[in-house]
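Colleague: First the structure, then my questions, so here it is.
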Amino acid sequence: MKTRFRLTLLAGAALGLSIAAVASAGQAKQALTVTHVRAGAPTAMAGYGTAPELAVQQASYKLGAATNPGFVLFSDPTNDATAKITIYSPPGYTTSLTQTPGATVGKAYAIVSAVIAGVPLLLPLSGPVVVGNPADPSLVAAYAQCKGPLDPPTPQEALVLNTSFQGQTISVPDFVNTVTIGGSTYVTQEICLLPPSQAPFNAQLVLADFTVNGVWTNAASAGQYQWVADYTPFNGNTPNPAETVEVRTFVGLPSSFTLKRLKAKSSIIKFSGKLSIGGVSPAGLKVNLYYGLKSKPAPNFTNPSQAGVAGQGKVVHSKTLKSNGKFAFTRKKVKKKTYFQARLEDEWALQGGCVGPSPTGQPIPCLEELLSPMTSNQILVKPPKKKRHH
């Protein structure tokens, strides 16, 4: 989801406003190039007139490190309601599906389009992601409706996004399985939603940001990887597989994103940094510098919350990066203790579109492949000490 749409949605949800209007490792050897994604780009699909989004931000981009991803799913409120989202993890990542039922493995934050007392609203919901008991009758019934043809009779793991708003809970199951398609092994997440006419608040999912910790580990080999999501819309109250579309997030391993403060005269603050993405030339990219009085001012999808999705600081844009990925910012001196953080937004996609066929093996149209968003380390800057007068 592009920044201005995200900020508009969050502002509406925060105030309760009414609505007014891959490549597997080694497949591609050359450095890929990127382009800026135009917000709200139309599609030729009836169910999704505006392209939905999958943006996956990982806690680490080091080889063999714990992935602990934050998943952002977005579909414009003008699209048909989403019936099912299937997420495919990158082949080459390792997984552990041994979490104990009842354990909390992440957090969730969501915005839904809802109708309360006849008034259309954007509502924020939040809560934990917990491991469910696959034998629970409600999960058994949900899985029977949601499972795909390659899934086992019982899910290997059942996660539940237990979100709530003013005491009203909307629990969304997320069924996790290992499947093999065309010789490649994926861990899939299948998320099935109720049609708005049957959901609490007549809710239609607009945005979800949720984390799942302790399941994935990054691949041990440097390369180019993809997270993939297939969105299927409703046609009325019935899922419409013919209108399924695909979107992806590209991850280059290893990648790094650093920010440091430089020496400068007392009237200004200087920063430099470097962005490196495995398999991608950073030439043409831009990064943002967030700053504010609160810690961690930049968005970070591994922190599901309003601040995690939109940030909580002011922002300035960098000049276009060159092929070495280096960038610099200069700001006036601060009057109060201020935190600074750089951000590669979820606004950049691979030039030329998606790389490689769908992991499903089906001719599903792939609309875009975003670069995985990244957030740098933060730097705390204190105001200069006042000179003593004798």
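Residues in the structure tokens are named by chain (A, B, ... in the order shown) and by number from 1 within that chain; ligands are numbered from 1 in the order shown.
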Please identify which residues in region 185-321 of chain A DSSP calls strand (DSSP E or B) from the backbone, and express them as a count of residues only.
Modeller: 70
Colleague: Tell me, as an MDAnalysis selection string, which residues lie within 12 Å of Lys385 (chain A), counting only C-alpha atoms; anything in the same chain fewer than 3 positions away does not count.
Modeller: chainID A and resid 266:267 333:337 381:382 388
Colleague: So, with only C-alpha atoms as the atoms that count, which of A:Ser89, A:Thr33, A:Ser113, A:Asn377 lies closest to Val280 (chain A)?
Modeller: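 Checking each candidate against Val280 (chain A), we get A:Thr33 as the closest.
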Colleague: Can you pull out every residue within 12 Å of Gln168 (chain A), counting only C-alpha atoms, but drop anything in the same chain fewer than 3 positions away, and send it as a VMD selection string?
Modeller: chain A and resid 123 to 127 162 to 165 171 199 to 201 203
Colleague: For the residues in the current selection, export N, CA, C and O atoms as a short mmCIF file (atom, residue, chain, number, x, y, z; two decimals), in the first residue's frame.
Modeller:
data_model
loop_
_atom_site.label_atom_id
_atom_site.label_comp_id
_atom_site.auth_asym_id
_atom_site.auth_seq_id
_atom_site.Cartn_x
_atom_site.Cartn_y
_atom_site.Cartn_z
N LEU A 123 -12.60 1.01 10.81
CA LEU A 123 -12.37 0.67 12.21
C LEU A 123 -11.00 0.02 12.38
O LEU A 123 -10.63 -0.87 11.61
N PRO A 124 -10.23 0.43 13.42
CA PRO A 124 -8.97 -0.24 13.73
C PRO A 124 -9.20 -1.38 14.72
O PRO A 124 -9.97 -1.25 15.67
N LEU A 125 -8.55 -2.50 14.48
CA LEU A 125 -8.61 -3.64 15.38
C LEU A 125 -7.20 -4.08 15.71
O LEU A 125 -6.27 -3.89 14.90
N SER A 126 -7.00 -4.67 16.87
CA SER A 126 -5.67 -5.16 17.23
C SER A 126 -5.80 -6.30 18.22
O SER A 126 -6.84 -6.48 18.87
N GLY A 127 -4.73 -7.08 18.32
CA GLY A 127 -4.72 -8.20 19.26
C GLY A 127 -3.57 -9.14 18.97
O GLY A 127 -2.75 -8.90 18.07
N ASN A 162 -6.44 -12.81 16.70
CA ASN A 162 -7.53 -12.47 17.62
C ASN A 162 -7.63 -10.95 17.77
O ASN A 162 -7.22 -10.38 18.77
N THR A 163 -8.20 -10.30 16.78
CA THR A 163 -8.32 -8.85 16.84
C THR A 163 -9.67 -8.44 17.44
O THR A 163 -10.65 -9.18 17.36
N SER A 164 -9.71 -7.24 18.02
CA SER A 164 -10.95 -6.79 18.64
C SER A 164 -11.06 -5.28 18.54
O SER A 164 -10.06 -4.56 18.37
N PHE A 165 -12.30 -4.80 18.68
CA PHE A 165 -12.60 -3.37 18.70
C PHE A 165 -13.74 -3.15 19.68
O PHE A 165 -14.82 -3.72 19.52
N SER A 171 -12.05 -12.88 15.03
CA SER A 171 -10.96 -13.86 15.00
C SER A 171 -10.82 -14.41 13.59
O SER A 171 -11.81 -14.88 13.00
N ALA A 199 -20.27 -11.02 8.46
CA ALA A 199 -19.20 -10.69 9.40
C ALA A 199 -19.67 -9.67 10.44
O ALA A 199 -20.57 -8.87 10.17
N PRO A 200 -19.05 -9.68 11.63
CA PRO A 200 -19.34 -8.63 12.61
C PRO A 200 -19.08 -7.25 12.00
O PRO A 200 -18.10 -7.07 11.27
N PHE A 201 -19.93 -6.30 12.27
CA PHE A 201 -19.82 -4.93 11.74
C PHE A 201 -19.96 -4.89 10.21
O PHE A 201 -19.65 -3.88 9.59
N ALA A 203 -17.91 -6.29 8.29
CA ALA A 203 -16.53 -5.89 8.07
C ALA A 203 -15.97 -6.44 6.76
O ALA A 203 -16.16 -7.61 6.42
#
Colleague: Would you compute the distance between CA of Leu122 (chain A) and CA of Gly106 (chain A)? Give it in Å to one decimal.
Modeller: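 Calculated distance between CA of Leu122 (chain A) and CA of Gly106 (chain A) is 23.4 Å.
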Colleague: Sorted by chain and rising residue number, list the residues of region 235-275 of chain A at most 9 Å from region 47-53 of chain A (counting only C-alpha atoms), each with its closest atom pair and distance in Å to one decimal, as a tab-separated table.
Modeller:
residue	atom	partner	partner_atom	distance
A:Asn235	CA	A:Gly47	CA	7.7
A:Asn240	CA	A:Gly47	CA	8.3
A:Glu243	CA	A:Gly47	CA	5.9
A:Thr244	CA	A:Gly47	CA	8.1
A:Val245	CA	A:Tyr48	CA	8.0
A:Glu246	CA	A:Pro52	CA	8.5
A:Val247	CA	A:Glu53	CA	6.2
A:Arg248	CA	A:Glu53	CA	7.7
A:Thr249	CA	A:Glu53	CA	8.9
Colleague: Export, as a PDB file, in the first residue's frame, the selected residues with C-alpha atoms.
Modeller:
ATOM      1  CA  ASN A 235     -18.791 -12.258  -5.971  1.00  0.00           C
ATOM      2  CA  ASN A 240     -14.791 -16.048  -7.259  1.00  0.00           C
ATOM      3  CA  GLU A 243     -10.795 -13.283 -10.515  1.00  0.00           C
ATOM      4  CA  THR A 244      -7.817 -14.438  -8.392  1.00  0.00           C
ATOM      5  CA  VAL A 245      -4.754 -12.207  -8.729  1.00  0.00           C
ATOM      6  CA  GLU A 246      -1.182 -12.535  -7.513  1.00  0.00           C
ATOM      7  CA  VAL A 247       1.178 -10.038  -5.883  1.00  0.00           C
ATOM      8  CA  ARG A 248       4.678 -10.605  -4.523  1.00  0.00           C
ATOM      9  CA  THR A 249       7.458  -9.284  -2.320  1.00  0.00           C
TER      10      THR A 249
END
Colleague: Find the residues near Ala66 (chain A): any atom within 8 Å, counting only C-alpha atoms, skip ones fewer than 4 places away on the same chain, and give them as a list in words.
Modeller: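 The residues that qualify are Ala59, Ser60, Gly214, Trp216, Thr217 and Asn218 of chain A.
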Colleague: Just the number, please: distance in Å from CA of Pro128 (chain A) to CA of Ala142 (chain A), one decimal.
Modeller: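 Pair CA of Pro128 (chain A) / CA of Ala142 (chain A) returns 19.2 Å.
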Colleague: So that I can check the surroundings of Val251 (chain A), please list as a list in words every protein, DNA and RNA residue that reaches within 8 Å of it, counting only C-alpha atoms and ignoring chain neighbours fewer than 5 positions away.
Modeller: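 Counting only the stated atoms, we get Gln224, Tyr225, Gln226, Trp227, Ile277, Gly278, Leu371 and Ser372 of chain A.
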Colleague: Restricting the output to C-alpha atoms, write the selected residues as a compact mmCIF listing (two decimals), in the first residue's frame.
Modeller:
# COMPACT_ATOMS: atom_id res chain seq x y z
CA GLN A 224 16.83 -13.79 -4.82
CA TYR A 225 13.68 -14.95 -3.04
CA GLN A 226 9.95 -14.24 -3.18
CA TRP A 227 6.99 -14.13 -0.86
CA ILE A 277 19.88 -5.42 -1.51
CA GLY A 278 21.12 -8.77 -2.76
CA LEU A 371 10.86 -4.78 -2.90
CA SER A 372 10.74 -5.84 0.71
Colleague: I'd like the contact shell of Lys147 (chain A) - 12 Å cut-off, only C-alpha atoms, skipping same-chain residues fewer than 3 positions apart - returned as a list in words.
Modeller: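 Contacts, with the query itself left out: Lys84, Ile85, Thr86, Leu139, Val140, Ala141, Ala142, Tyr143, Ala144, Leu150, Asp151, Pro152, Pro153, Thr154, Pro155, Gln156, Ala158, Pro173, Asp174, Phe175, Val176, Asn177, Val179, Thr188, Gln189, Glu190, Ile191 and Cys192 of chain A.
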Colleague: Once you have the residues from the selection above, write them out as a PDB file, in the first residue's frame, restricted to C-alpha atoms.
Modeller:
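Written file, out30.pdb:
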ATOM      1  CA  LYS A  84      -9.238 -15.869   0.580  1.00  0.00           C
ATOM      2  CA  ILE A  85      -5.554 -14.975   0.692  1.00  0.00           C
ATOM      3  CA  THR A  86      -2.933 -17.680   0.225  1.00  0.00           C
ATOM      4  CA  LEU A 139     -11.254 -24.289  13.402  1.00  0.00           C
ATOM      5  CA  VAL A 140     -12.210 -27.696  11.993  1.00  0.00           C
ATOM      6  CA  ALA A 141     -15.225 -26.110  10.290  1.00  0.00           C
ATOM      7  CA  ALA A 142     -13.193 -23.128   9.036  1.00  0.00           C
ATOM      8  CA  TYR A 143     -10.459 -25.387   7.662  1.00  0.00           C
ATOM      9  CA  ALA A 144     -13.001 -27.515   5.792  1.00  0.00           C
ATOM     10  CA  LEU A 150      -2.947 -30.198  -1.740  1.00  0.00           C
ATOM     11  CA  ASP A 151      -3.515 -29.634   1.984  1.00  0.00           C
ATOM     12  CA  PRO A 152      -3.491 -32.460   4.540  1.00  0.00           C
ATOM     13  CA  PRO A 153      -6.762 -33.446   6.278  1.00  0.00           C
ATOM     14  CA  THR A 154      -5.664 -31.537   9.403  1.00  0.00           C
ATOM     15  CA  PRO A 155      -3.545 -28.366   9.222  1.00  0.00           C
ATOM     16  CA  GLN A 156       0.024 -28.639  10.436  1.00  0.00           C
ATOM     17  CA  ALA A 158      -3.566 -23.232  12.937  1.00  0.00           C
ATOM     18  CA  PRO A 173      -7.823 -18.258  11.261  1.00  0.00           C
ATOM     19  CA  ASP A 174      -4.556 -18.665   9.363  1.00  0.00           C
ATOM     20  CA  PHE A 175      -3.905 -22.288   8.386  1.00  0.00           C
ATOM     21  CA  VAL A 176      -0.251 -23.203   7.840  1.00  0.00           C
ATOM     22  CA  ASN A 177       0.879 -26.221   5.814  1.00  0.00           C
ATOM     23  CA  VAL A 179       3.037 -28.286   0.244  1.00  0.00           C
ATOM     24  CA  THR A 188       1.549 -21.796   2.767  1.00  0.00           C
ATOM     25  CA  GLN A 189      -0.732 -19.668   4.881  1.00  0.00           C
ATOM     26  CA  GLU A 190      -4.414 -19.815   3.961  1.00  0.00           C
ATOM     27  CA  ILE A 191      -6.566 -17.014   5.338  1.00  0.00           C
ATOM     28  CA  CYS A 192     -10.293 -17.237   4.628  1.00  0.00           C
TER      29      CYS A 192
END
Colleague: Report, in Å to a single decimal, how far apart CA of Gln57 (chain A) and CA of Ser376 (chain A) are.
Modeller: 12.0 Å
Colleague: Which neighbours of Val112 (chain A) fall inside 12 Å, counting only C-alpha atoms, when residues of the same chain fewer than 2 positions from it are skipped, and could you give them as a ChimeraX atom specification?
Modeller: /A:9-10,12-14,16,18-19,73-77,81-82,109-110,114-116,120-126,163-165,170,193,196,199-209
Colleague: Region 145-356 of chain A: which residues are alpha helix (DSSP H) by DSSP, as a PDB file with all heavy atoms, in the first residue's frame?
Modeller:
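Saved the output as selection-v2.pdb:
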ATOM      1  N   GLN A 145     -13.724 -25.340   4.987  1.00  0.00           N
ATOM      2  CA  GLN A 145     -14.119 -24.372   3.967  1.00  0.00           C
ATOM      3  C   GLN A 145     -12.925 -23.753   3.250  1.00  0.00           C
ATOM      4  O   GLN A 145     -13.038 -23.293   2.115  1.00  0.00           O
ATOM      5  CB  GLN A 145     -14.959 -23.266   4.614  1.00  0.00           C
ATOM      6  CG  GLN A 145     -16.270 -23.735   5.203  1.00  0.00           C
ATOM      7  CD  GLN A 145     -17.234 -24.259   4.151  1.00  0.00           C
ATOM      8  OE1 GLN A 145     -17.341 -23.696   3.064  1.00  0.00           O
ATOM      9  NE2 GLN A 145     -17.929 -25.343   4.465  1.00  0.00           N
ATOM     10  N   CYS A 146     -11.758 -23.751   3.920  1.00  0.00           N
ATOM     11  CA  CYS A 146     -10.616 -22.975   3.441  1.00  0.00           C
ATOM     12  C   CYS A 146      -9.541 -23.806   2.756  1.00  0.00           C
ATOM     13  O   CYS A 146      -8.803 -23.310   1.911  1.00  0.00           O
ATOM     14  CB  CYS A 146     -10.002 -22.218   4.626  1.00  0.00           C
ATOM     15  SG  CYS A 146      -8.856 -20.893   4.189  1.00  0.00           S
ATOM     16  N   GLN A 306      -0.591   1.212  14.597  1.00  0.00           N
ATOM     17  CA  GLN A 306      -0.697   2.393  13.743  1.00  0.00           C
ATOM     18  C   GLN A 306       0.686   2.976  13.481  1.00  0.00           C
ATOM     19  O   GLN A 306       1.016   3.346  12.355  1.00  0.00           O
ATOM     20  CB  GLN A 306      -1.601   3.445  14.379  1.00  0.00           C
ATOM     21  CG  GLN A 306      -1.724   4.706  13.526  1.00  0.00           C
ATOM     22  CD  GLN A 306      -2.785   5.662  14.032  1.00  0.00           C
ATOM     23  OE1 GLN A 306      -3.735   5.232  14.678  1.00  0.00           O
ATOM     24  NE2 GLN A 306      -2.638   6.934  13.749  1.00  0.00           N
ATOM     25  N   ALA A 307       1.529   3.049  14.536  1.00  0.00           N
ATOM     26  CA  ALA A 307       2.883   3.576  14.358  1.00  0.00           C
ATOM     27  C   ALA A 307       3.709   2.665  13.460  1.00  0.00           C
ATOM     28  O   ALA A 307       4.516   3.138  12.652  1.00  0.00           O
ATOM     29  CB  ALA A 307       3.562   3.741  15.717  1.00  0.00           C
ATOM     30  N   GLY A 308       3.524   1.345  13.589  1.00  0.00           N
ATOM     31  CA  GLY A 308       4.291   0.417  12.773  1.00  0.00           C
ATOM     32  C   GLY A 308       3.951   0.500  11.305  1.00  0.00           C
ATOM     33  O   GLY A 308       4.809   0.304  10.443  1.00  0.00           O
ATOM     34  N   VAL A 309       2.690   0.812  10.996  1.00  0.00           N
ATOM     35  CA  VAL A 309       2.265   0.901   9.608  1.00  0.00           C
ATOM     36  C   VAL A 309       2.585   2.252   8.992  1.00  0.00           C
ATOM     37  O   VAL A 309       3.026   2.339   7.844  1.00  0.00           O
ATOM     38  CB  VAL A 309       0.751   0.598   9.494  1.00  0.00           C
ATOM     39  CG1 VAL A 309       0.236   0.887   8.097  1.00  0.00           C
ATOM     40  CG2 VAL A 309       0.482  -0.847   9.858  1.00  0.00           C
ATOM     41  N   ALA A 310       2.374   3.334   9.754  1.00  0.00           N
ATOM     42  CA  ALA A 310       2.507   4.685   9.186  1.00  0.00           C
ATOM     43  C   ALA A 310       3.665   5.478   9.747  1.00  0.00           C
ATOM     44  O   ALA A 310       3.987   6.546   9.220  1.00  0.00           O
ATOM     45  CB  ALA A 310       1.209   5.465   9.414  1.00  0.00           C
TER      46      ALA A 310
END
